Structures are given as structure tokens and as C-alpha cells.
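Source file coords.cif; content: mmCIF, C-alpha atoms and all ligand atoms.
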data_data
#
loop_
_atom_site.group_PDB
_atom_site.id
_atom_site.type_symbol
_atom_site.label_atom_id
_atom_site.label_comp_id
_atom_site.auth_asym_id
_atom_site.auth_seq_id
_atom_site.Cartn_x
_atom_site.Cartn_y
_atom_site.Cartn_z
ATOM 1 C CA MET G 65 0.000 0.000 0.000
ATOM 2 C CA VAL G 66 1.523 3.324 -1.089
ATOM 3 C CA GLN G 67 1.692 6.001 1.647
ATOM 4 C CA LEU G 68 2.578 9.658 1.144
ATOM 5 C CA ASN G 69 3.001 10.649 4.777
ATOM 6 C CA THR G 70 6.319 12.294 5.417
ATOM 7 C CA GLU G 71 8.471 13.818 8.148
ATOM 8 C CA PHE G 72 9.775 17.324 7.745
ATOM 9 C CA ALA G 73 11.613 19.475 10.290
ATOM 10 C CA GLY G 74 10.407 17.299 13.146
ATOM 11 C CA ARG G 75 6.789 17.493 12.021
ATOM 12 C CA THR G 76 4.576 14.897 10.374
ATOM 13 C CA TYR G 77 2.568 15.615 7.221
ATOM 14 C CA HIS G 78 0.046 13.463 5.381
ATOM 15 C CA SER G 79 1.683 14.225 2.029
ATOM 16 C CA PRO G 80 4.646 16.285 0.763
ATOM 17 C CA PHE G 81 2.490 18.827 -1.134
ATOM 18 C CA MET G 82 1.944 22.478 -0.271
ATOM 19 C CA ASN G 83 1.660 25.782 -2.115
ATOM 20 C CA ALA G 84 4.644 27.921 -3.010
ATOM 21 C CA SER G 85 4.677 31.271 -1.264
ATOM 22 C CA GLY G 86 2.989 33.881 -3.398
ATOM 23 C CA VAL G 87 0.505 31.469 -4.899
ATOM 24 C CA HIS G 88 -2.977 31.259 -3.396
ATOM 25 C CA CYS G 89 -1.866 32.520 -0.002
ATOM 26 C CA GLY G 90 -2.060 36.308 0.106
ATOM 27 C CA LEU G 91 -5.422 36.551 1.891
ATOM 28 C CA HIS G 92 -7.002 34.659 4.781
ATOM 29 C CA LYS G 93 -9.705 33.186 2.547
ATOM 30 C CA LEU G 94 -7.086 31.796 0.147
ATOM 31 C CA LEU G 95 -5.269 30.135 3.031
ATOM 32 C CA ASP G 96 -8.651 28.711 4.102
ATOM 33 C CA ASP G 97 -8.909 27.169 0.612
ATOM 34 C CA LEU G 98 -5.541 25.445 0.994
ATOM 35 C CA VAL G 99 -6.616 23.970 4.311
ATOM 36 C CA GLY G 100 -9.924 22.898 2.754
ATOM 37 C CA ALA G 101 -8.152 21.303 -0.228
ATOM 38 C CA GLU G 102 -6.135 19.176 2.177
ATOM 39 C CA ALA G 103 -2.759 20.411 1.086
ATOM 40 C CA ALA G 104 -0.276 18.920 3.548
ATOM 41 C CA THR G 105 0.234 22.415 4.842
ATOM 42 C CA TYR G 106 0.636 25.971 3.562
ATOM 43 C CA VAL G 107 3.190 28.715 3.466
ATOM 44 C CA THR G 108 1.955 32.275 3.776
ATOM 45 C CA LYS G 109 2.749 35.039 1.270
ATOM 46 C CA SER G 110 6.179 36.506 2.051
ATOM 47 C CA ALA G 111 5.353 39.242 4.515
ATOM 48 C CA THR G 112 7.071 42.570 4.906
ATOM 49 C CA VAL G 113 6.931 44.796 7.970
ATOM 50 C CA GLU G 114 4.333 47.034 6.321
ATOM 51 C CA LYS G 115 1.603 46.196 3.819
ATOM 52 C CA ARG G 116 2.727 46.601 0.180
ATOM 53 C CA SER G 117 0.707 46.967 -2.987
ATOM 54 C CA GLY G 118 3.538 45.606 -5.168
ATOM 55 C CA ASN G 119 4.304 46.415 -8.792
ATOM 56 C CA PRO G 120 1.844 47.879 -11.310
ATOM 57 C CA ASP G 121 -0.276 45.588 -13.529
ATOM 58 C CA PRO G 122 -0.030 43.666 -15.735
ATOM 59 C CA ARG G 123 2.418 41.778 -13.531
ATOM 60 C CA TYR G 124 1.508 38.096 -14.041
ATOM 61 C CA TYR G 125 1.357 36.106 -17.286
ATOM 62 C CA ASN G 126 0.540 32.463 -18.019
ATOM 63 C CA SER G 127 1.919 30.696 -21.084
ATOM 64 C CA ASP G 128 1.118 26.999 -21.442
ATOM 65 C CA GLN G 129 2.542 25.342 -18.328
ATOM 66 C CA ASN G 130 4.738 28.337 -17.528
ATOM 67 C CA SER G 131 4.360 31.722 -15.924
ATOM 68 C CA LEU G 132 6.157 35.021 -15.651
ATOM 69 C CA ASN G 133 5.589 37.261 -12.659
ATOM 70 C CA SER G 134 6.786 40.537 -11.342
ATOM 71 C CA MET G 135 4.438 40.897 -8.416
ATOM 72 C CA GLY G 136 6.847 42.944 -6.293
ATOM 73 C CA LEU G 137 5.862 41.374 -2.986
ATOM 74 C CA PRO G 138 2.301 42.648 -2.633
ATOM 75 C CA ASN G 139 1.205 41.553 0.828
ATOM 76 C CA GLU G 140 -0.948 42.594 3.742
ATOM 77 C CA GLY G 141 1.921 43.055 6.183
ATOM 78 C CA VAL G 142 3.324 40.733 8.808
ATOM 79 C CA GLU G 143 0.595 41.280 11.433
ATOM 80 C CA TYR G 144 -2.140 40.156 9.031
ATOM 81 C CA TYR G 145 -0.546 36.743 8.413
ATOM 82 C CA LEU G 146 0.447 36.327 12.073
ATOM 83 C CA ASP G 147 -3.169 36.877 12.972
ATOM 84 C CA TYR G 148 -4.079 33.916 10.747
ATOM 85 C CA VAL G 149 -1.372 31.441 11.717
ATOM 86 C CA THR G 150 -1.606 32.011 15.434
ATOM 87 C CA LYS G 151 -5.314 31.119 15.346
ATOM 88 C CA ASP G 152 -4.622 27.984 13.300
ATOM 89 C CA PRO G 153 -4.893 24.850 15.477
ATOM 90 C CA HIS G 154 -2.103 23.297 13.353
ATOM 91 C CA SER G 155 0.211 26.300 13.548
ATOM 92 C CA LYS G 156 3.213 24.139 14.475
ATOM 93 C CA ASN G 157 3.051 22.543 11.013
ATOM 94 C CA ARG G 158 2.674 25.815 9.092
ATOM 95 C CA LEU G 159 5.315 27.835 7.296
ATOM 96 C CA PHE G 160 5.422 31.581 7.746
ATOM 97 C CA SER G 161 7.306 33.416 5.017
ATOM 98 C CA ILE G 162 8.994 36.756 5.547
ATOM 99 C CA SER G 163 10.833 39.060 3.201
ATOM 100 C CA PRO G 164 12.944 41.676 4.942
ATOM 101 C CA MET G 165 13.185 44.697 2.629
ATOM 102 C CA THR G 166 16.373 45.759 4.425
ATOM 103 C CA PHE G 167 18.714 44.064 6.865
ATOM 104 C CA TYR G 168 17.135 46.116 9.651
ATOM 105 C CA ASP G 169 13.694 44.663 8.914
ATOM 106 C CA LEU G 170 14.805 41.197 9.978
ATOM 107 C CA PRO G 171 14.893 41.917 13.755
ATOM 108 C CA ILE G 172 11.578 43.795 13.473
ATOM 109 C CA LEU G 173 9.909 40.840 11.754
ATOM 110 C CA ALA G 174 11.504 38.400 14.191
ATOM 111 C CA GLU G 175 10.342 40.382 17.195
ATOM 112 C CA LYS G 176 6.750 40.364 15.938
ATOM 113 C CA ILE G 177 6.840 36.640 15.158
ATOM 114 C CA ASN G 178 8.423 35.752 18.500
ATOM 115 C CA ALA G 179 5.978 37.965 20.420
ATOM 116 C CA SER G 180 3.029 36.317 18.661
ATOM 117 C CA GLY G 181 3.915 32.895 20.070
ATOM 118 C CA PHE G 182 3.915 31.345 16.571
ATOM 119 C CA ASP G 183 5.349 27.844 16.968
ATOM 120 C CA GLY G 184 5.658 26.851 13.299
ATOM 121 C CA LEU G 185 8.482 27.218 10.798
ATOM 122 C CA ILE G 186 9.798 30.489 9.390
ATOM 123 C CA GLU G 187 10.875 30.833 5.764
ATOM 124 C CA ILE G 188 13.202 33.773 5.139
ATOM 125 C CA ASN G 189 12.829 34.733 1.499
ATOM 126 C CA LEU G 190 16.264 35.706 0.200
ATOM 127 C CA SER G 191 15.335 35.462 -3.441
ATOM 128 C CA CYS G 192 12.534 37.702 -4.675
ATOM 129 C CA PRO G 193 13.727 38.978 -8.068
ATOM 130 C CA ASN G 194 10.977 41.542 -8.535
ATOM 131 C CA VAL G 195 11.514 44.506 -6.251
ATOM 132 C CA VAL G 196 12.917 47.415 -8.215
ATOM 133 C CA GLY G 197 16.282 48.514 -6.829
ATOM 134 C CA LYS G 198 16.578 45.541 -4.453
ATOM 135 C CA PRO G 199 18.969 42.854 -5.685
ATOM 136 C CA GLN G 200 18.348 39.266 -4.582
ATOM 137 C CA ILE G 201 20.150 38.648 -1.284
ATOM 138 C CA GLY G 202 20.765 35.054 -2.305
ATOM 139 C CA TYR G 203 23.181 36.266 -4.985
ATOM 140 C CA ASP G 204 25.215 38.436 -2.583
ATOM 141 C CA PHE G 205 27.036 35.886 -0.458
ATOM 142 C CA GLU G 206 28.433 38.389 2.051
ATOM 143 C CA GLN G 207 24.956 39.769 2.735
ATOM 144 C CA MET G 208 23.508 36.300 2.807
ATOM 145 C CA ALA G 209 26.000 35.264 5.489
ATOM 146 C CA ALA G 210 25.086 38.372 7.501
ATOM 147 C CA TYR G 211 21.349 37.561 7.274
ATOM 148 C CA LEU G 212 21.979 33.979 8.380
ATOM 149 C CA LYS G 213 24.122 35.108 11.302
ATOM 150 C CA ALA G 214 21.387 37.513 12.398
ATOM 151 C CA ALA G 215 18.627 34.924 11.920
ATOM 152 C CA ASN G 216 20.562 32.518 14.100
ATOM 153 C CA GLU G 217 20.514 35.091 16.898
ATOM 154 C CA LEU G 218 16.830 35.953 16.419
ATOM 155 C CA PHE G 219 15.154 32.570 15.963
ATOM 156 C CA GLU G 220 15.302 29.292 17.848
ATOM 157 C CA PRO G 221 17.521 26.640 16.219
ATOM 158 C CA HIS G 222 15.806 24.408 13.664
ATOM 159 C CA THR G 223 12.739 26.635 13.358
ATOM 160 C CA TYR G 224 13.784 28.668 10.339
ATOM 161 C CA GLY G 225 14.918 28.140 6.769
ATOM 162 C CA VAL G 226 15.681 30.092 3.630
ATOM 163 C CA LYS G 227 14.164 30.358 0.180
ATOM 164 C CA LEU G 228 16.940 30.484 -2.357
ATOM 165 C CA PRO G 229 17.235 31.660 -5.921
ATOM 166 C CA PRO G 230 18.496 29.193 -8.525
ATOM 167 C CA TYR G 231 22.263 28.794 -8.852
ATOM 168 C CA PHE G 232 24.010 27.748 -12.023
ATOM 169 C CA ASP G 233 27.586 27.093 -11.022
ATOM 170 C CA PHE G 234 29.187 24.464 -8.807
ATOM 171 C CA ALA G 235 31.279 27.160 -7.108
ATOM 172 C CA HIS G 236 28.051 28.864 -6.047
ATOM 173 C CA PHE G 237 26.498 25.624 -4.766
ATOM 174 C CA ASP G 238 29.669 25.110 -2.694
ATOM 175 C CA THR G 239 29.758 28.649 -1.318
ATOM 176 C CA VAL G 240 26.060 28.789 -0.430
ATOM 177 C CA ALA G 241 26.117 25.351 1.213
ATOM 178 C CA GLU G 242 29.175 26.329 3.252
ATOM 179 C CA ILE G 243 27.340 29.426 4.570
ATOM 180 C CA LEU G 244 24.149 27.486 5.341
ATOM 181 C CA ASN G 245 26.009 24.646 7.064
ATOM 182 C CA ARG G 246 27.351 27.106 9.661
ATOM 183 C CA TYR G 247 23.895 27.499 11.203
ATOM 184 C CA PRO G 248 21.196 25.265 12.742
ATOM 185 C CA ILE G 249 18.693 25.917 9.984
ATOM 186 C CA ALA G 250 15.764 23.569 9.505
ATOM 187 C CA PHE G 251 15.357 23.741 5.754
ATOM 188 C CA VAL G 252 16.284 25.189 2.406
ATOM 189 C CA ASN G 253 13.650 25.891 -0.222
ATOM 190 C CA SER G 254 15.044 25.555 -3.766
ATOM 191 C CA ILE G 255 14.174 27.324 -5.994
ATOM 192 C CA ASN G 256 12.390 30.623 -6.279
ATOM 193 C CA SER G 257 11.491 31.682 -9.811
ATOM 194 C CA VAL G 258 14.309 32.120 -12.333
ATOM 195 C CA GLY G 259 14.770 35.859 -12.117
ATOM 196 C CA ASN G 260 14.468 38.452 -14.821
ATOM 197 C CA ALA G 261 13.281 36.331 -17.695
ATOM 198 C CA LEU G 262 11.352 37.891 -20.570
ATOM 199 C CA MET G 263 8.256 36.668 -22.386
ATOM 200 C CA ILE G 264 6.705 38.282 -25.420
ATOM 201 C CA HIS G 265 3.043 38.323 -26.363
ATOM 202 C CA GLU G 266 2.501 39.343 -30.005
ATOM 203 C CA GLN G 267 5.060 42.181 -30.177
ATOM 204 C CA GLN G 268 4.871 43.391 -26.591
ATOM 205 C CA THR G 269 6.433 42.316 -23.344
ATOM 206 C CA ALA G 270 3.983 40.039 -21.529
ATOM 207 C CA ILE G 271 4.196 41.999 -18.270
ATOM 208 C CA PHE G 272 4.708 45.683 -17.499
ATOM 209 C CA PRO G 273 7.184 46.111 -14.591
ATOM 210 C CA LYS G 274 10.920 46.321 -15.241
ATOM 211 C CA HIS G 275 10.447 46.499 -19.019
ATOM 212 C CA GLY G 276 8.896 43.046 -18.967
ATOM 213 C CA HIS G 277 11.473 41.242 -16.859
ATOM 214 C CA GLY G 278 10.112 38.877 -14.229
ATOM 215 C CA GLY G 279 10.476 35.567 -12.432
ATOM 216 C CA LEU G 280 9.985 32.534 -14.637
ATOM 217 C CA GLY G 281 8.021 29.622 -13.172
ATOM 218 C CA GLY G 282 6.441 26.402 -14.373
ATOM 219 C CA ALA G 283 7.545 23.455 -16.476
ATOM 220 C CA PHE G 284 10.449 25.318 -18.124
ATOM 221 C CA ILE G 285 12.327 25.574 -14.829
ATOM 222 C CA LYS G 286 12.066 21.986 -13.571
ATOM 223 C CA PRO G 287 15.570 20.922 -14.715
ATOM 224 C CA ILE G 288 17.065 23.949 -12.946
ATOM 225 C CA ALA G 289 15.085 23.227 -9.790
ATOM 226 C CA LEU G 290 16.134 19.571 -9.839
ATOM 227 C CA SER G 291 19.796 20.475 -10.221
ATOM 228 C CA ASN G 292 19.584 22.825 -7.224
ATOM 229 C CA VAL G 293 17.729 20.320 -5.025
ATOM 230 C CA HIS G 294 20.249 17.637 -5.938
ATOM 231 C CA ALA G 295 23.293 19.875 -5.468
ATOM 232 C CA PHE G 296 22.138 21.033 -2.030
ATOM 233 C CA HIS G 297 21.164 17.516 -1.010
ATOM 234 C CA GLN G 298 24.753 16.499 -1.736
ATOM 235 C CA ARG G 299 26.284 19.441 0.126
ATOM 236 C CA LEU G 300 24.096 20.347 3.116
ATOM 237 C CA ASN G 301 24.375 18.891 6.617
ATOM 238 C CA ALA G 302 22.136 15.840 6.826
ATOM 239 C CA ASN G 303 19.731 17.513 9.268
ATOM 240 C CA ILE G 304 18.964 20.419 6.896
ATOM 241 C CA GLU G 305 15.920 19.388 4.889
ATOM 242 C CA ILE G 306 15.025 20.506 1.405
ATOM 243 C CA ILE G 307 11.779 21.780 -0.024
ATOM 244 C CA GLY G 308 11.725 21.229 -3.764
ATOM 245 C CA THR G 309 10.004 23.972 -5.733
ATOM 246 C CA GLY G 310 10.010 24.637 -9.441
ATOM 247 C CA GLY G 311 8.276 23.153 -12.421
ATOM 248 C CA ILE G 312 6.112 20.587 -10.658
ATOM 249 C CA THR G 313 3.064 20.090 -12.856
ATOM 250 C CA ASN G 314 2.283 16.431 -12.134
ATOM 251 C CA GLY G 315 3.097 13.482 -9.894
ATOM 252 C CA ARG G 316 6.116 12.469 -11.976
ATOM 253 C CA ASP G 317 7.691 15.905 -11.441
ATOM 254 C CA ALA G 318 7.162 15.592 -7.689
ATOM 255 C CA PHE G 319 8.692 12.107 -7.791
ATOM 256 C CA GLU G 320 11.807 13.539 -9.471
ATOM 257 C CA HIS G 321 12.161 16.306 -6.878
ATOM 258 C CA ILE G 322 11.949 13.764 -4.062
ATOM 259 C CA LEU G 323 14.404 11.477 -5.836
ATOM 260 C CA CYS G 324 16.817 14.435 -5.863
ATOM 261 C CA GLY G 325 16.409 14.849 -2.105
ATOM 262 C CA ALA G 326 13.321 16.984 -1.436
ATOM 263 C CA SER G 327 11.321 16.157 1.694
ATOM 264 C CA MET G 328 8.433 18.439 0.768
ATOM 265 C CA VAL G 329 7.447 19.924 -2.580
ATOM 266 C CA GLN G 330 5.672 23.154 -3.437
ATOM 267 C CA LEU G 331 3.242 23.909 -6.221
ATOM 268 C CA GLY G 332 3.399 27.347 -7.805
ATOM 269 C CA THR G 333 2.405 27.882 -11.422
ATOM 270 C CA VAL G 334 0.288 24.719 -11.602
ATOM 271 C CA LEU G 335 -1.677 25.800 -8.527
ATOM 272 C CA ALA G 336 -2.205 29.272 -9.986
ATOM 273 C CA GLN G 337 -3.396 27.731 -13.268
ATOM 274 C CA LYS G 338 -5.492 24.810 -12.029
ATOM 275 C CA GLY G 339 -6.658 25.792 -8.571
ATOM 276 C CA THR G 340 -6.613 23.872 -5.314
ATOM 277 C CA GLY G 341 -8.173 20.714 -6.840
ATOM 278 C CA ILE G 342 -4.634 19.979 -8.085
ATOM 279 C CA PHE G 343 -3.572 18.705 -4.658
ATOM 280 C CA LYS G 344 -5.754 15.562 -4.784
ATOM 281 C CA ILE G 345 -4.879 14.934 -8.451
ATOM 282 C CA ILE G 346 -1.151 15.231 -7.939
ATOM 283 C CA GLU G 347 -1.227 13.083 -4.780
ATOM 284 C CA ASN G 348 -2.779 10.275 -6.810
ATOM 285 C CA GLU G 349 -0.294 10.758 -9.642
ATOM 286 C CA LEU G 350 2.620 10.544 -7.224
ATOM 287 C CA LYS G 351 1.180 7.393 -5.668
ATOM 288 C CA ALA G 352 0.886 5.838 -9.150
ATOM 289 C CA GLU G 353 4.484 6.779 -9.972
ATOM 290 C CA MET G 354 5.714 5.238 -6.703
ATOM 291 C CA ALA G 355 3.716 2.063 -7.334
ATOM 292 C CA LYS G 356 5.328 1.793 -10.774
ATOM 293 C CA TYR G 357 8.738 1.393 -9.103
ATOM 294 C CA GLY G 358 7.463 -0.674 -6.164
ATOM 295 C CA TYR G 359 7.931 2.093 -3.584
ATOM 296 C CA GLU G 360 5.557 2.185 -0.618
ATOM 297 C CA SER G 361 6.810 5.263 1.209
ATOM 298 C CA ILE G 362 8.546 8.548 0.475
ATOM 299 C CA ASP G 363 11.606 7.359 2.398
ATOM 300 C CA ASP G 364 11.958 4.417 0.004
ATOM 301 C CA PHE G 365 13.210 6.748 -2.738
ATOM 302 C CA LYS G 366 13.947 10.150 -1.197
ATOM 303 C CA GLY G 367 17.425 11.277 -2.250
ATOM 304 C CA LYS G 368 18.097 8.005 -4.046
ATOM 305 C CA LEU G 369 18.751 9.402 -7.507
ATOM 306 C CA GLN G 370 20.732 6.875 -9.536
ATOM 307 C CA TYR G 371 23.568 7.960 -11.811
ATOM 308 C CA ILE G 372 23.720 6.589 -15.301
ATOM 309 C CA GLN G 373 27.015 4.742 -15.894
ATOM 310 C CA GLU G 374 29.416 5.355 -18.741
ATOM 311 C CA ASN G 375 28.208 3.594 -21.889
ATOM 312 C CA ASP G 376 24.835 2.692 -20.331
ATOM 313 C CA ALA G 377 22.114 2.536 -22.935
ATOM 314 C CA ILE G 378 19.083 4.683 -22.184
ATOM 315 C CA SER G 379 15.872 3.739 -23.918
ATOM 316 C CA GLY G 380 14.405 6.446 -26.092
ATOM 317 C CA ALA G 381 17.424 8.743 -25.757
ATOM 318 C CA SER G 382 18.886 10.359 -28.829
ATOM 319 C CA HIS G 383 22.178 12.165 -29.262
HETATM 320 C C1 LIG I 401 6.799 38.571 -5.820
HETATM 321 O O1 LIG I 401 5.964 38.961 -4.997
HETATM 322 O O2 LIG I 401 7.362 39.369 -6.595
HETATM 323 C C2 LIG I 401 7.121 37.119 -5.921
HETATM 324 C C3 LIG I 401 7.710 36.608 -4.677
HETATM 325 C C4 LIG I 401 9.055 36.009 -4.830
HETATM 326 O O3 LIG I 401 9.509 35.765 -5.952
HETATM 327 O O4 LIG I 401 9.711 35.769 -3.821
#
Show me the file's structure as C-alpha cells.
Ligand code: SIN
Amino acid sequence: MVQLNTEFAGRTYHSPFMNASGVHCGLHKLLDDLVGAEAATYVTKSATVEKRSGNPDPRYYNSDQNSLNSMGLPNEGVEYYLDYVTKDPHSKNRLFSISPMTFYDLPILAEKINASGFDGLIEINLSCPNVVGKPQIGYDFEQMAAYLKAANELFEPHTYGVKLPPYFDFAHFDTVAEILNRYPIAFVNSINSVGNALMIHEQQTAIFPKHGHGGLGGAFIKPIALSNVHAFHQRLNANIEIIGTGGITNGRDAFEHILCGASMVQLGTVLAQKGTGIFKIIENELKAEMAKYGYESIDDFKGKLQYIQENDAISGASH
């Protein structure tokens, strides 16, 4: 009998599926939907100290199984989401996402979270590509180290994690893992959207902000997400767990993320396109994929990616 229940950061979940921050989570009623759809859990929209309206429209574009967004962190402010999670009877299993707009916002956000008594997990978003004039912290390793050092002083060990941008170089995987391994972080979420991509509709940019540049999500980015999940699984301390995000449109995609080392997986573009009914569908697809290989639990295949050997034949492959 195939089971999807999984352990993550010392908590138990009935499946590995949740939303990606930013998708279907900006308002209380949307979070209610995620609970109602029986997602394993939810992560709230990355909150800033103050409410933000974000970038001007049009700022989101769907194209087949892909999306481009330059939302610019529209959110209701940290208090609004704290109000929701602290009333949630399952708060310990929830993820609360924050996005400090400056280094000095981090202690302010932490103070509010700690004062609220929230006992769940905190995701520090170091990777939003869409705020004009604010480079992604995840690409500035000195700053990233400073944020991690501060977070370690502000939050209890093993209660916080980071959402990372995609990396494309082994030297960067090594450097980022070395920084993260210094601290008792609970998890890494790889990857945020691939920043500053461009899509064209007819002859115009598909979105307005930043001359059309925005974060790419959906099926296009799965290979990049898989490479990041795999690279961090190889490099991070064994007790740092990984959330796999990027390009998951069906159960097979989730299977591949878990094979690369993800303990949980997040749905972004597919959730925005198909709605919360996707959770049940994708659970069943993952179960079918596991059954195909004779796996009964997530632990049976988590992180067990096999490497093709030199001169191995691969059916259907062309070169
Ligand atoms: C946004 O609000 O611009 C998207 C959030 C993110 O990419 O972190």
C-alpha cells in the first residue's frame, strides 16, 4: 500500500504537497482554501513589515505550463498573516514566510513573530527577483552570510529556513552550502522563480514592470530546480531538509524532486493555473508513480537518484 506521509523538520505531514509562497496565499480566505483542499500544509505570502501593494499591472502572465511574474511582494503586512497562523490549530506545522526589505527589517519581523507565540516554521525569502532597486540577497554571499548570522541570533535553532534563488555554477552551490552549514537551519527551499526572464506576447512584453522582466516559473524551470535540489542535497548537513520547488506540474515531477532529495514539494504555477483541486490529483499521480517502481513510502526513494554509468544505454534517448 503506497503512503505519502512524510516527516519534515520534526513534524509529520500526510503528504509532501503544499503551495509555493505567493501562490494562493495572500489573503485569509485563500489560506482557508488550501486547508480545505487538504494540502499537507501551507506557506503564507512573504510578509514585509508594512503592507505593500507591489508592482503595477499587468504583472503576471501564463503561457502553457509556464508563468512570468513581477508581483513585487504585494502583501498585507506581517501582522495580518500572524493573525491567521496564530489562530490555526495546526500552527506548528505551518510555514510563515517573511521578506525583509532591508537588513534592519529582519529583527523587526523576528520580534513580531516571536511575540506572537507562533510555533511553526519560518521561511526567510532571500530570493525575490521583482523589487525594483533591491537585488536578490541570495546572490550576494556576504549579505547572505550576515542575514543567516542575524537569523541565528533571532530565531530558535531548527525553526527557520531560507528560500533560495536558482544557482548555475558548482562554485556557487559550494559557497552557499558552506554558509548554510554554519547554522542550525531547519530547511532550504530551492528554488524561487528564475529571475528576470522575458516573455513576449505578439510584439509586446507580456508583463509591465521592469520592461517586462520577471520571475519565470512552471515546467520550463524543472531541470534547474532539480539540479539545485540535488546539489544542495549532496552538500548540506544531513539535518537540513530541502523543499523542492520549481516546475512541478504532475506526480512524476514531484517524484523527481523527491528522488533528488526533497522532503516536501511546493506547487506554484500549476496551482495558480489549475486551482486547489490539483492537490488531490497530484497526490494520486505521485502514488501511481511510486507504485510503478514498487515504492511504498517517500523514504523508500527520497534522495536516491541513480547515476547513469558510462556507456549505459538509455531507452528512447537520442544524441
Ligand atoms: C513577488 O511577490 O514578486 C514574488 C515573490 C518572490 O519571488 O519571492
- Query: Exactly which residues make up the result of the PyMOL selection byres (((chain G and resi 356-362) around 8) and not hetatm) on this file, given as a PyMOL selection string?
  - Reply: chain G and resi 65-70+322+352-355+363-366
- Task: Could the residues that lie within 7 Å of ligand LIG 401 (chain I), counting all atoms listed in the file, be listed as an MDAnalysis selection string?
- Result: chainID G and resid 86 110 133:138 189 191:195 256:257 279
- Message: So, with all atoms listed in the file as the atoms that count, which of G:Ile177, G:Val196, G:Ile186, G:Ile288 lies closest to Pro230 of chain G?
- Response: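 The shortest atom-to-atom distance to Pro230 of chain G comes from G:Ile288.
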- Query: Using all atoms listed in the file, which of the listed residues (G:Gly282, G:Gly315, G:Gly339, G:Gly332) sits closest to Leu94 of chain G?
  - Reply: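 The shortest atom-to-atom distance to Leu94 of chain G comes from G:Gly339.
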- Task: Just give me the gap between atom CA of His297 of chain G and atom CA of Ile243 of chain G in Å, one decimal is fine.
- Result: 14.5 Å
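Shortest separation to Lys344 of chain G among G:Ile162, G:Ala326, G:Leu98, G:Leu228 occurs at residue G:Leu98, atoms counted being all atoms listed in the file.
With distances restricted to all atoms listed in the file, G:Glu71 is the closest residue to Ile307 of chain G from G:Ile264, G:Ser163, G:Glu71, G:Leu173.
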- Query: Please, which residues are within 12 Å of (31.5, 31.5, -2.6) by the file's coordinates, counting all atoms listed in the file, and could they come as a list of chain:residue names?
  - Reply: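 Every residue inside that radius is included here: G:Gly202, G:Tyr203, G:Asp204, G:Phe205, G:Glu206, G:Gln207, G:Met208, G:Ala209, G:Tyr231, G:Asp233, G:Phe234, G:Ala235, G:His236, G:Phe237, G:Asp238, G:Thr239, G:Val240, G:Ala241, G:Glu242, G:Ile243, G:Leu244.
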